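Here is the file data.pdb (PDB, C-alpha atoms, pLDDT in the B column).
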```pdb
ATOM      1  CA  MET A  29    -114.166 -68.446-157.955  1.00 45.00           C
ATOM      2  CA  ALA A  30    -113.582 -69.070-154.287  1.00 43.00           C
ATOM      3  CA  SER A  31    -116.716 -67.198-153.263  1.00 55.00           C
ATOM      4  CA  CYS A  32    -118.909 -69.122-155.708  1.00 62.00           C
ATOM      5  CA  GLU A  33    -119.695 -72.457-154.132  1.00 57.00           C
ATOM      6  CA  THR A  34    -123.443 -73.054-154.471  1.00 49.00           C
ATOM      7  CA  GLY A  35    -126.431 -72.469-156.708  1.00 52.00           C
ATOM      8  CA  GLN A  36    -127.585 -69.855-154.220  1.00 55.00           C
ATOM      9  CA  ASP A  37    -124.341 -67.957-154.815  1.00 48.00           C
ATOM     10  CA  ALA A  38    -125.047 -68.042-158.562  1.00 50.00           C
ATOM     11  CA  ASN A  39    -128.594 -66.813-158.022  1.00 52.00           C
ATOM     12  CA  ARG A  40    -127.464 -63.874-155.890  1.00 59.00           C
ATOM     13  CA  ASN A  41    -124.280 -62.780-157.599  1.00 64.00           C
ATOM     14  CA  ASP A  42    -123.746 -61.875-161.255  1.00 67.00           C
ATOM     15  CA  ASP A  43    -120.085 -62.968-161.162  1.00 74.00           C
ATOM     16  CA  CYS A  44    -121.008 -66.376-159.717  1.00 79.00           C
ATOM     17  CA  ARG A  45    -123.886 -66.762-162.173  1.00 78.00           C
ATOM     18  CA  LEU A  46    -121.545 -66.200-165.106  1.00 86.00           C
ATOM     19  CA  ALA A  47    -118.905 -68.556-163.687  1.00 84.00           C
ATOM     20  CA  ALA A  48    -121.497 -71.307-163.138  1.00 82.00           C
ATOM     21  CA  ALA A  49    -123.027 -70.795-166.569  1.00 87.00           C
ATOM     22  CA  SER A  50    -119.622 -71.120-168.213  1.00 92.00           C
ATOM     23  CA  LEU A  51    -119.426 -74.701-166.901  1.00 89.00           C
ATOM     24  CA  ASN A  52    -122.863 -75.389-168.343  1.00 91.00           C
ATOM     25  CA  ILE A  53    -122.000 -73.898-171.729  1.00 95.00           C
ATOM     26  CA  ASP A  54    -118.703 -75.800-171.869  1.00 95.00           C
ATOM     27  CA  GLN A  55    -120.530 -79.038-171.117  1.00 93.00           C
ATOM     28  CA  PHE A  56    -123.000 -78.378-173.938  1.00 95.00           C
ATOM     29  CA  TRP A  57    -120.270 -77.742-176.493  1.00 97.00           C
ATOM     30  CA  GLN A  58    -118.152 -80.681-175.323  1.00 96.00           C
ATOM     31  CA  LYS A  59    -120.992 -83.038-176.231  1.00 95.00           C
ATOM     32  CA  THR A  60    -121.937 -81.089-179.381  1.00 97.00           C
ATOM     33  CA  LEU A  61    -118.576 -80.333-180.988  1.00 97.00           C
ATOM     34  CA  GLU A  62    -115.818 -82.921-181.307  1.00 96.00           C
ATOM     35  CA  GLY A  63    -112.486 -81.422-180.303  1.00 96.00           C
ATOM     36  CA  TYR A  64    -114.041 -78.563-178.329  1.00 98.00           C
ATOM     37  CA  ARG A  65    -111.672 -76.863-175.935  1.00 97.00           C
ATOM     38  CA  GLU A  66    -112.780 -74.466-173.254  1.00 97.00           C
ATOM     39  CA  PRO A  67    -112.067 -70.764-173.613  1.00 98.00           C
ATOM     40  CA  GLN A  68    -110.778 -68.794-170.672  1.00 96.00           C
ATOM     41  CA  LEU A  69    -113.428 -66.649-168.977  1.00 95.00           C
ATOM     42  CA  ILE A  70    -112.223 -63.446-167.340  1.00 93.00           C
ATOM     43  CA  ILE A  71    -114.638 -61.465-165.169  1.00 90.00           C
ATOM     44  CA  VAL A  72    -113.484 -57.874-165.535  1.00 89.00           C
ATOM     45  CA  ASP A  73    -113.515 -55.462-162.606  1.00 85.00           C
ATOM     46  CA  GLY A  74    -113.247 -51.978-164.090  1.00 83.00           C
ATOM     47  CA  SER A  75    -111.090 -52.489-167.169  1.00 87.00           C
ATOM     48  CA  THR A  76    -108.230 -54.623-168.385  1.00 90.00           C
ATOM     49  CA  SER A  77    -105.975 -54.709-171.433  1.00 93.00           C
ATOM     50  CA  THR A  78    -106.280 -57.534-173.938  1.00 95.00           C
ATOM     51  CA  ARG A  79    -104.747 -58.382-177.317  1.00 94.00           C
ATOM     52  CA  CYS A  80    -108.078 -57.243-178.787  1.00 93.00           C
ATOM     53  CA  GLY A  81    -108.230 -53.873-176.982  1.00 89.00           C
ATOM     54  CA  THR A  82    -109.482 -52.724-173.604  1.00 89.00           C
ATOM     55  CA  ALA A  83    -112.208 -54.769-171.883  1.00 88.00           C
ATOM     56  CA  SER A  84    -114.666 -52.784-169.769  1.00 83.00           C
ATOM     57  CA  ASN A  85    -118.391 -52.290-169.263  1.00 76.00           C
ATOM     58  CA  ALA A  86    -118.247 -49.594-171.945  1.00 77.00           C
ATOM     59  CA  THR A  87    -116.985 -52.008-174.595  1.00 81.00           C
ATOM     60  CA  GLY A  88    -119.364 -54.724-173.397  1.00 82.00           C
ATOM     61  CA  PRO A  89    -118.681 -58.463-173.277  1.00 88.00           C
ATOM     62  CA  PHE A  90    -116.471 -59.731-176.073  1.00 91.00           C
ATOM     63  CA  TYR A  91    -114.398 -62.644-177.289  1.00 96.00           C
ATOM     64  CA  CYS A  92    -110.719 -62.231-178.155  1.00 96.00           C
ATOM     65  CA  PRO A  93    -109.794 -64.884-180.764  1.00 96.00           C
ATOM     66  CA  PRO A  94    -105.981 -64.858-180.430  1.00 96.00           C
ATOM     67  CA  GLU A  95    -106.329 -65.389-176.685  1.00 97.00           C
ATOM     68  CA  GLU A  96    -109.330 -67.755-176.893  1.00 97.00           C
ATOM     69  CA  THR A  97    -110.743 -65.722-174.017  1.00 97.00           C
ATOM     70  CA  VAL A  98    -114.175 -64.313-173.166  1.00 96.00           C
ATOM     71  CA  TYR A  99    -114.190 -61.026-171.243  1.00 95.00           C
ATOM     72  CA  VAL A 100    -117.252 -59.877-169.294  1.00 91.00           C
ATOM     73  CA  ASP A 101    -117.679 -56.942-166.916  1.00 87.00           C
ATOM     74  CA  PRO A 102    -120.922 -57.710-165.026  1.00 82.00           C
ATOM     75  CA  THR A 103    -121.657 -53.991-164.564  1.00 82.00           C
ATOM     76  CA  PHE A 104    -122.427 -54.016-168.305  1.00 79.00           C
ATOM     77  CA  PHE A 105    -125.815 -55.477-167.433  1.00 77.00           C
ATOM     78  CA  ALA A 106    -126.686 -52.389-165.389  1.00 75.00           C
ATOM     79  CA  LEU A 107    -125.844 -50.283-168.444  1.00 73.00           C
ATOM     80  CA  LEU A 108    -128.055 -52.531-170.551  1.00 68.00           C
ATOM     81  CA  ARG A 109    -130.967 -51.831-168.201  1.00 68.00           C
ATOM     82  CA  GLU A 110    -130.330 -48.087-168.067  1.00 70.00           C
ATOM     83  CA  GLN A 111    -129.576 -47.400-171.713  1.00 61.00           C
ATOM     84  CA  PHE A 112    -131.668 -49.900-173.628  1.00 53.00           C
ATOM     85  CA  ASP A 113    -134.799 -50.417-171.532  1.00 54.00           C
ATOM     86  CA  THR A 114    -134.369 -54.125-170.890  1.00 58.00           C
ATOM     87  CA  THR A 115    -134.568 -55.994-167.599  1.00 60.00           C
ATOM     88  CA  ALA A 116    -131.297 -57.888-168.219  1.00 63.00           C
ATOM     89  CA  GLY A 117    -132.387 -60.637-165.841  1.00 72.00           C
ATOM     90  CA  PRO A 118    -130.475 -63.872-165.227  1.00 77.00           C
ATOM     91  CA  LEU A 119    -131.306 -65.654-168.487  1.00 84.00           C
ATOM     92  CA  ALA A 120    -130.644 -62.504-170.497  1.00 82.00           C
ATOM     93  CA  GLN A 121    -127.207 -62.316-168.894  1.00 85.00           C
ATOM     94  CA  LEU A 122    -126.549 -65.943-169.762  1.00 89.00           C
ATOM     95  CA  TYR A 123    -127.688 -65.352-173.351  1.00 90.00           C
ATOM     96  CA  VAL A 124    -125.009 -62.658-173.618  1.00 90.00           C
ATOM     97  CA  LEU A 125    -122.381 -65.047-172.224  1.00 93.00           C
ATOM     98  CA  ALA A 126    -123.497 -67.914-174.484  1.00 95.00           C
ATOM     99  CA  HIS A 127    -123.293 -65.550-177.470  1.00 95.00           C
ATOM    100  CA  GLU A 128    -119.627 -64.857-176.704  1.00 96.00           C
ATOM    101  CA  TYR A 129    -118.944 -68.574-176.301  1.00 98.00           C
ATOM    102  CA  GLY A 130    -120.573 -68.924-179.707  1.00 98.00           C
ATOM    103  CA  HIS A 131    -117.795 -66.750-181.114  1.00 97.00           C
ATOM    104  CA  HIS A 132    -115.261 -69.108-179.528  1.00 98.00           C
ATOM    105  CA  VAL A 133    -116.916 -72.028-181.305  1.00 98.00           C
ATOM    106  CA  GLN A 134    -116.776 -70.083-184.572  1.00 98.00           C
ATOM    107  CA  ASN A 135    -113.065 -69.573-183.997  1.00 98.00           C
ATOM    108  CA  LEU A 136    -112.540 -73.295-183.365  1.00 98.00           C
ATOM    109  CA  ILE A 137    -114.466 -74.479-186.446  1.00 98.00           C
ATOM    110  CA  GLY A 138    -112.930 -71.945-188.816  1.00 97.00           C
ATOM    111  CA  VAL A 139    -115.905 -69.642-189.403  1.00 97.00           C
ATOM    112  CA  MET A 140    -113.876 -66.506-188.702  1.00 95.00           C
ATOM    113  CA  GLU A 141    -111.151 -67.618-191.109  1.00 96.00           C
ATOM    114  CA  GLN A 142    -113.577 -68.702-193.832  1.00 97.00           C
ATOM    115  CA  HIS A 143    -115.746 -65.589-193.578  1.00 97.00           C
ATOM    116  CA  PRO A 144    -113.449 -62.665-192.711  1.00 93.00           C
ATOM    117  CA  ASN A 145    -114.697 -59.153-192.139  1.00 89.00           C
ATOM    118  CA  ASN A 146    -115.873 -57.743-195.470  1.00 90.00           C
ATOM    119  CA  GLY A 147    -117.217 -54.425-194.217  1.00 91.00           C
ATOM    120  CA  THR A 148    -120.592 -53.421-192.863  1.00 93.00           C
ATOM    121  CA  GLY A 149    -124.133 -53.959-194.116  1.00 93.00           C
ATOM    122  CA  PRO A 150    -127.233 -56.035-193.401  1.00 93.00           C
ATOM    123  CA  ALA A 151    -125.820 -59.149-195.115  1.00 94.00           C
ATOM    124  CA  SER A 152    -122.136 -58.647-194.288  1.00 96.00           C
ATOM    125  CA  ASN A 153    -119.977 -61.395-192.882  1.00 96.00           C
ATOM    126  CA  GLY A 154    -119.890 -59.491-189.602  1.00 96.00           C
ATOM    127  CA  VAL A 155    -123.679 -59.524-189.279  1.00 96.00           C
ATOM    128  CA  ARG A 156    -123.869 -63.188-190.286  1.00 97.00           C
ATOM    129  CA  THR A 157    -121.203 -64.019-187.683  1.00 97.00           C
ATOM    130  CA  GLU A 158    -123.118 -62.228-184.938  1.00 96.00           C
ATOM    131  CA  LEU A 159    -126.445 -63.807-185.889  1.00 97.00           C
ATOM    132  CA  GLN A 160    -124.880 -67.255-185.867  1.00 98.00           C
ATOM    133  CA  ALA A 161    -123.566 -66.600-182.351  1.00 97.00           C
ATOM    134  CA  ASP A 162    -127.119 -65.608-181.343  1.00 96.00           C
ATOM    135  CA  CYS A 163    -128.384 -68.862-182.845  1.00 98.00           C
ATOM    136  CA  PHE A 164    -125.749 -70.882-180.974  1.00 98.00           C
ATOM    137  CA  ALA A 165    -126.861 -69.138-177.765  1.00 96.00           C
ATOM    138  CA  GLY A 166    -130.454 -70.160-178.446  1.00 96.00           C
ATOM    139  CA  ALA A 167    -129.387 -73.768-179.028  1.00 96.00           C
ATOM    140  CA  TRP A 168    -127.629 -73.777-175.660  1.00 95.00           C
ATOM    141  CA  VAL A 169    -130.628 -72.256-173.849  1.00 93.00           C
ATOM    142  CA  ALA A 170    -132.873 -75.021-175.211  1.00 92.00           C
ATOM    143  CA  ASP A 171    -130.476 -77.635-173.837  1.00 91.00           C
ATOM    144  CA  ALA A 172    -129.364 -75.890-170.632  1.00 84.00           C
ATOM    145  CA  GLY A 173    -131.769 -77.686-168.308  1.00 79.00           C
ATOM    146  CA  ASP A 174    -130.270 -81.027-169.366  1.00 81.00           C
ATOM    147  CA  GLN A 175    -126.727 -80.177-168.271  1.00 77.00           C
ATOM    148  CA  LEU A 176    -125.824 -81.602-164.833  1.00 75.00           C
ATOM    149  CA  ASP A 177    -123.168 -80.640-162.306  1.00 74.00           C
ATOM    150  CA  GLU A 178    -120.897 -83.157-160.536  1.00 78.00           C
ATOM    151  CA  ALA A 179    -123.670 -83.958-158.047  1.00 81.00           C
ATOM    152  CA  GLY A 180    -126.112 -84.729-160.858  1.00 81.00           C
ATOM    153  CA  THR A 181    -128.115 -81.558-160.264  1.00 78.00           C
ATOM    154  CA  PRO A 182    -129.192 -79.490-163.307  1.00 77.00           C
ATOM    155  CA  TYR A 183    -127.238 -76.256-163.623  1.00 72.00           C
ATOM    156  CA  LEU A 184    -130.403 -74.472-164.693  1.00 76.00           C
ATOM    157  CA  GLU A 185    -134.100 -75.056-164.320  1.00 79.00           C
ATOM    158  CA  PRO A 186    -135.973 -75.054-167.642  1.00 81.00           C
ATOM    159  CA  PRO A 187    -136.421 -71.385-168.629  1.00 84.00           C
ATOM    160  CA  THR A 188    -139.814 -69.834-168.032  1.00 85.00           C
ATOM    161  CA  THR A 189    -141.703 -67.951-170.712  1.00 87.00           C
ATOM    162  CA  GLN A 190    -140.855 -64.683-168.936  1.00 86.00           C
ATOM    163  CA  GLN A 191    -137.154 -65.535-168.861  1.00 86.00           C
ATOM    164  CA  ILE A 192    -137.187 -66.308-172.587  1.00 89.00           C
ATOM    165  CA  THR A 193    -138.964 -62.985-173.165  1.00 86.00           C
ATOM    166  CA  ASP A 194    -136.257 -61.284-171.114  1.00 84.00           C
ATOM    167  CA  ALA A 195    -133.497 -62.941-173.154  1.00 86.00           C
ATOM    168  CA  LEU A 196    -135.227 -61.903-176.381  1.00 85.00           C
ATOM    169  CA  GLY A 197    -135.474 -58.381-175.002  1.00 83.00           C
ATOM    170  CA  ALA A 198    -131.726 -58.338-174.431  1.00 82.00           C
ATOM    171  CA  ALA A 199    -131.175 -59.586-177.986  1.00 85.00           C
ATOM    172  CA  ALA A 200    -133.433 -56.836-179.332  1.00 83.00           C
ATOM    173  CA  SER A 201    -131.779 -54.143-177.223  1.00 81.00           C
ATOM    174  CA  VAL A 202    -128.405 -54.753-178.867  1.00 81.00           C
ATOM    175  CA  GLY A 203    -129.749 -54.764-182.417  1.00 87.00           C
ATOM    176  CA  ASP A 204    -128.057 -52.214-184.646  1.00 88.00           C
ATOM    177  CA  ASP A 205    -131.326 -50.522-185.600  1.00 90.00           C
ATOM    178  CA  HIS A 206    -132.409 -50.197-181.956  1.00 87.00           C
ATOM    179  CA  ILE A 207    -129.057 -48.752-180.886  1.00 86.00           C
ATOM    180  CA  GLN A 208    -129.095 -46.267-183.762  1.00 90.00           C
ATOM    181  CA  ALA A 209    -132.661 -45.189-183.005  1.00 90.00           C
ATOM    182  CA  GLU A 210    -132.002 -44.890-179.244  1.00 83.00           C
ATOM    183  CA  SER A 211    -128.967 -42.704-179.879  1.00 82.00           C
ATOM    184  CA  GLY A 212    -131.084 -40.346-181.945  1.00 80.00           C
ATOM    185  CA  GLY A 213    -129.396 -41.246-185.182  1.00 80.00           C
ATOM    186  CA  VAL A 214    -130.737 -42.408-188.520  1.00 88.00           C
ATOM    187  CA  VAL A 215    -131.281 -46.144-188.871  1.00 91.00           C
ATOM    188  CA  ASN A 216    -128.819 -47.038-191.610  1.00 94.00           C
ATOM    189  CA  PRO A 217    -128.632 -50.754-192.478  1.00 91.00           C
ATOM    190  CA  GLU A 218    -125.483 -50.219-194.557  1.00 94.00           C
ATOM    191  CA  SER A 219    -123.588 -49.431-191.339  1.00 93.00           C
ATOM    192  CA  TRP A 220    -124.777 -52.509-189.437  1.00 94.00           C
ATOM    193  CA  THR A 221    -122.244 -54.842-187.850  1.00 93.00           C
ATOM    194  CA  HIS A 222    -124.459 -57.057-185.659  1.00 94.00           C
ATOM    195  CA  GLY A 223    -127.911 -57.221-187.265  1.00 94.00           C
ATOM    196  CA  SER A 224    -131.313 -55.752-186.479  1.00 94.00           C
ATOM    197  CA  SER A 225    -133.321 -56.442-183.335  1.00 92.00           C
ATOM    198  CA  ASP A 226    -135.706 -58.632-185.319  1.00 94.00           C
ATOM    199  CA  GLN A 227    -132.872 -60.630-186.855  1.00 95.00           C
ATOM    200  CA  ARG A 228    -131.176 -61.197-183.520  1.00 94.00           C
ATOM    201  CA  GLN A 229    -134.385 -62.420-181.935  1.00 94.00           C
ATOM    202  CA  ARG A 230    -135.268 -64.660-184.889  1.00 95.00           C
ATOM    203  CA  TRP A 231    -131.880 -66.360-184.983  1.00 97.00           C
ATOM    204  CA  PHE A 232    -131.878 -66.879-181.219  1.00 96.00           C
ATOM    205  CA  GLU A 233    -135.263 -68.570-181.599  1.00 96.00           C
ATOM    206  CA  ALA A 234    -134.044 -70.557-184.618  1.00 97.00           C
ATOM    207  CA  GLY A 235    -131.317 -72.053-182.461  1.00 97.00           C
ATOM    208  CA  ARG A 236    -133.696 -72.691-179.590  1.00 95.00           C
ATOM    209  CA  ALA A 237    -136.107 -74.522-181.903  1.00 96.00           C
ATOM    210  CA  GLY A 238    -133.704 -76.309-184.217  1.00 97.00           C
ATOM    211  CA  GLY A 239    -130.415 -76.612-182.363  1.00 97.00           C
ATOM    212  CA  VAL A 240    -126.939 -75.962-183.692  1.00 98.00           C
ATOM    213  CA  ASN A 241    -127.747 -77.436-187.109  1.00 97.00           C
ATOM    214  CA  ALA A 242    -130.202 -74.581-187.709  1.00 98.00           C
ATOM    215  CA  CYS A 243    -127.457 -71.966-187.354  1.00 98.00           C
ATOM    216  CA  ASP A 244    -125.760 -71.741-190.772  1.00 97.00           C
ATOM    217  CA  THR A 245    -126.344 -68.047-191.313  1.00 98.00           C
ATOM    218  CA  PHE A 246    -123.799 -68.039-194.131  1.00 97.00           C
ATOM    219  CA  ALA A 247    -125.961 -70.317-196.303  1.00 96.00           C
ATOM    220  CA  VAL A 248    -128.987 -68.003-196.134  1.00 95.00           C
ATOM    221  CA  PRO A 249    -129.727 -65.453-198.893  1.00 96.00           C
ATOM    222  CA  ALA A 250    -129.505 -61.836-197.801  1.00 93.00           C
ATOM    223  CA  GLY A 251    -133.259 -61.392-197.984  1.00 91.00           C
ATOM    224  CA  SER A 252    -133.842 -64.291-195.590  1.00 93.00           C
ATOM    225  CA  LEU A 253    -131.466 -63.181-192.851  1.00 94.00           C
TER     226      LEU A 253
END
```

Let me see the structure of the file written as structure tokens.
Amino acid sequence: MASCETGQDANRNDDCRLAAASLNIDQFWQKTLEGYREPQLIIVDGSTSTRCGTASNATGPFYCPPEETVYVDPTFFALLREQFDTTAGPLAQLYVLAHEYGHHVQNLIGVMEQHPNNGTGPASNGVRTELQADCFAGAWVADAGDQLDEAGTPYLEPPTTQQITDALGAAASVGDDHIQAESGGVVNPESWTHGSSDQRQRWFEAGRAGGVNACDTFAVPAGSL
């Protein structure tokens, strides 16, 4: 982005922060995954049509596999704060972005083809896919301070305890059980598509502690998810 030139720009502006973080995430996956190719990142202003449906702050950030594109409307983070009682600070925003890049990695390595949608439920392929993307995001966060820009400056300072707490709060806020409870509905695990708040936090932390190799959610028994 033409208006995103410095780290100060990234600190002040959500769009610039996401654009800068995409470089960091790409660098992580380039060294982690042989044959990695960068997805396109589109910052949405309002709404836009995609091959996977309309992208807007209402739909939230998402990855469109046939386009190999991540769509993010930064105003989604304001909705996250208002609707789900989370601060949605800088690291929380980057967790959300890294999660979507995790879906791109899954597309590249064949996870989506090997484990197609088999319906809803607490141990469904959909939930396992989402939890693995959370784990990939955690692995990136643990490594983010080691990624350097062209000048040799780290893209990110090592996350503080409060920033990690904030990222975990964002993970919890988009758990299926939390969303169902907040909307006044019954918490029904058989309808889950993304996993519970506890699961999303645990898999994020699994990736942060153990790296990408700790993220095989498809090898875990249902009771251990």

*asked:* If we draw a sphere of 9 Å around (-135.7, -70.3, -180.3), which residues have at least one atom in it when counting all atoms listed in the file? Please report them as JSON, numbers by chain.
replied: {"A": [163, 166, 167, 169, 170, 192, 229, 230, 231, 232, 233, 234, 235, 236, 237, 238, 239]}

Here atom CA of Thr87 of chain A and atom CA of Ser224 of chain A stand apart by 19.0 Å

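On the file presented, the PyMOL selection byres ((chain A and resi 77-83) around 7) picks out Ser75, Thr76, Ser84, Thr87, Cys92 and Tyr99 of chain A.
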
**OP:** Please write as a ChimeraX atom specification the full residue list that the PyMOL selection byres ((chain A and resi 145) around 12) yields on this file.
**Re:** /A:139-144,146-149,151-158,221-222

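Here atom CA of Pro217 of chain A is placed at a distance of 29.3 Å from atom CA of Pro94 of chain A.
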
**Message:** Quick one: residues within 9 Å of Gln55 of chain A, only C-alpha atoms, excluding same-chain residues fewer than 5 positions away - as number ranges by chain?
**Reply:** A: 50, 60, 175-176

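Going from atom CA of Gly88 of chain A to atom CA of Phe246 of chain A covers 25.0 Å.
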
The residue from A:Leu61, A:Leu136, A:Ala48, A:Val124 with the smallest atom-to-atom distance to Glu96 of chain A, counting all atoms listed in the file, is A:Leu136

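For the residues A:Glu178, A:Gln160, A:Ser225, A:Ala172, ranking by smallest atom-to-atom distance to Thr245 of chain A using only C-alpha atoms places A:Gln160 first.
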
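Shortest atom-to-atom contact with Pro186 of chain A among A:Leu119, A:Ile53, A:Val100, A:Val215: A:Leu119, counting all atoms listed in the file.
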
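When all atoms listed in the file are used to compute distances to Asp194 of chain A, the closest of the residues A:Tyr123, A:Trp220, A:Phe104, A:Trp168 turns out to be A:Tyr123.
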
Counting only C-alpha atoms, closest pick from A:Tyr91, A:Ala126, A:Asp43, A:Asp54 relative to Phe105 of chain A is A:Asp43

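Proximity ranking of A:Gln227, A:Ala242, A:Leu196, A:Gln121 relative to Ala47 of chain A places A:Gln121 first, based on all atoms listed in the file.
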
Next on the checklist: Around the point (-118.9, -71.0, -179.4) (coordinates from the file), which residues reach within 10 Å if we count all atoms listed in the file? Answer as a PyMOL selection string.
Outcome noted: chain A and resi 53-54+57+61+64-67+91+125-137+160-161+164-165+168

Using all atoms listed in the file, determine which residues lie at most 10 Å from Gln191 of chain A, disregarding the query and same-chain residues fewer than 4 positions distant; provide the list as an MDAnalysis selection string.
chainID A and resid 115:120 186:187 195:197
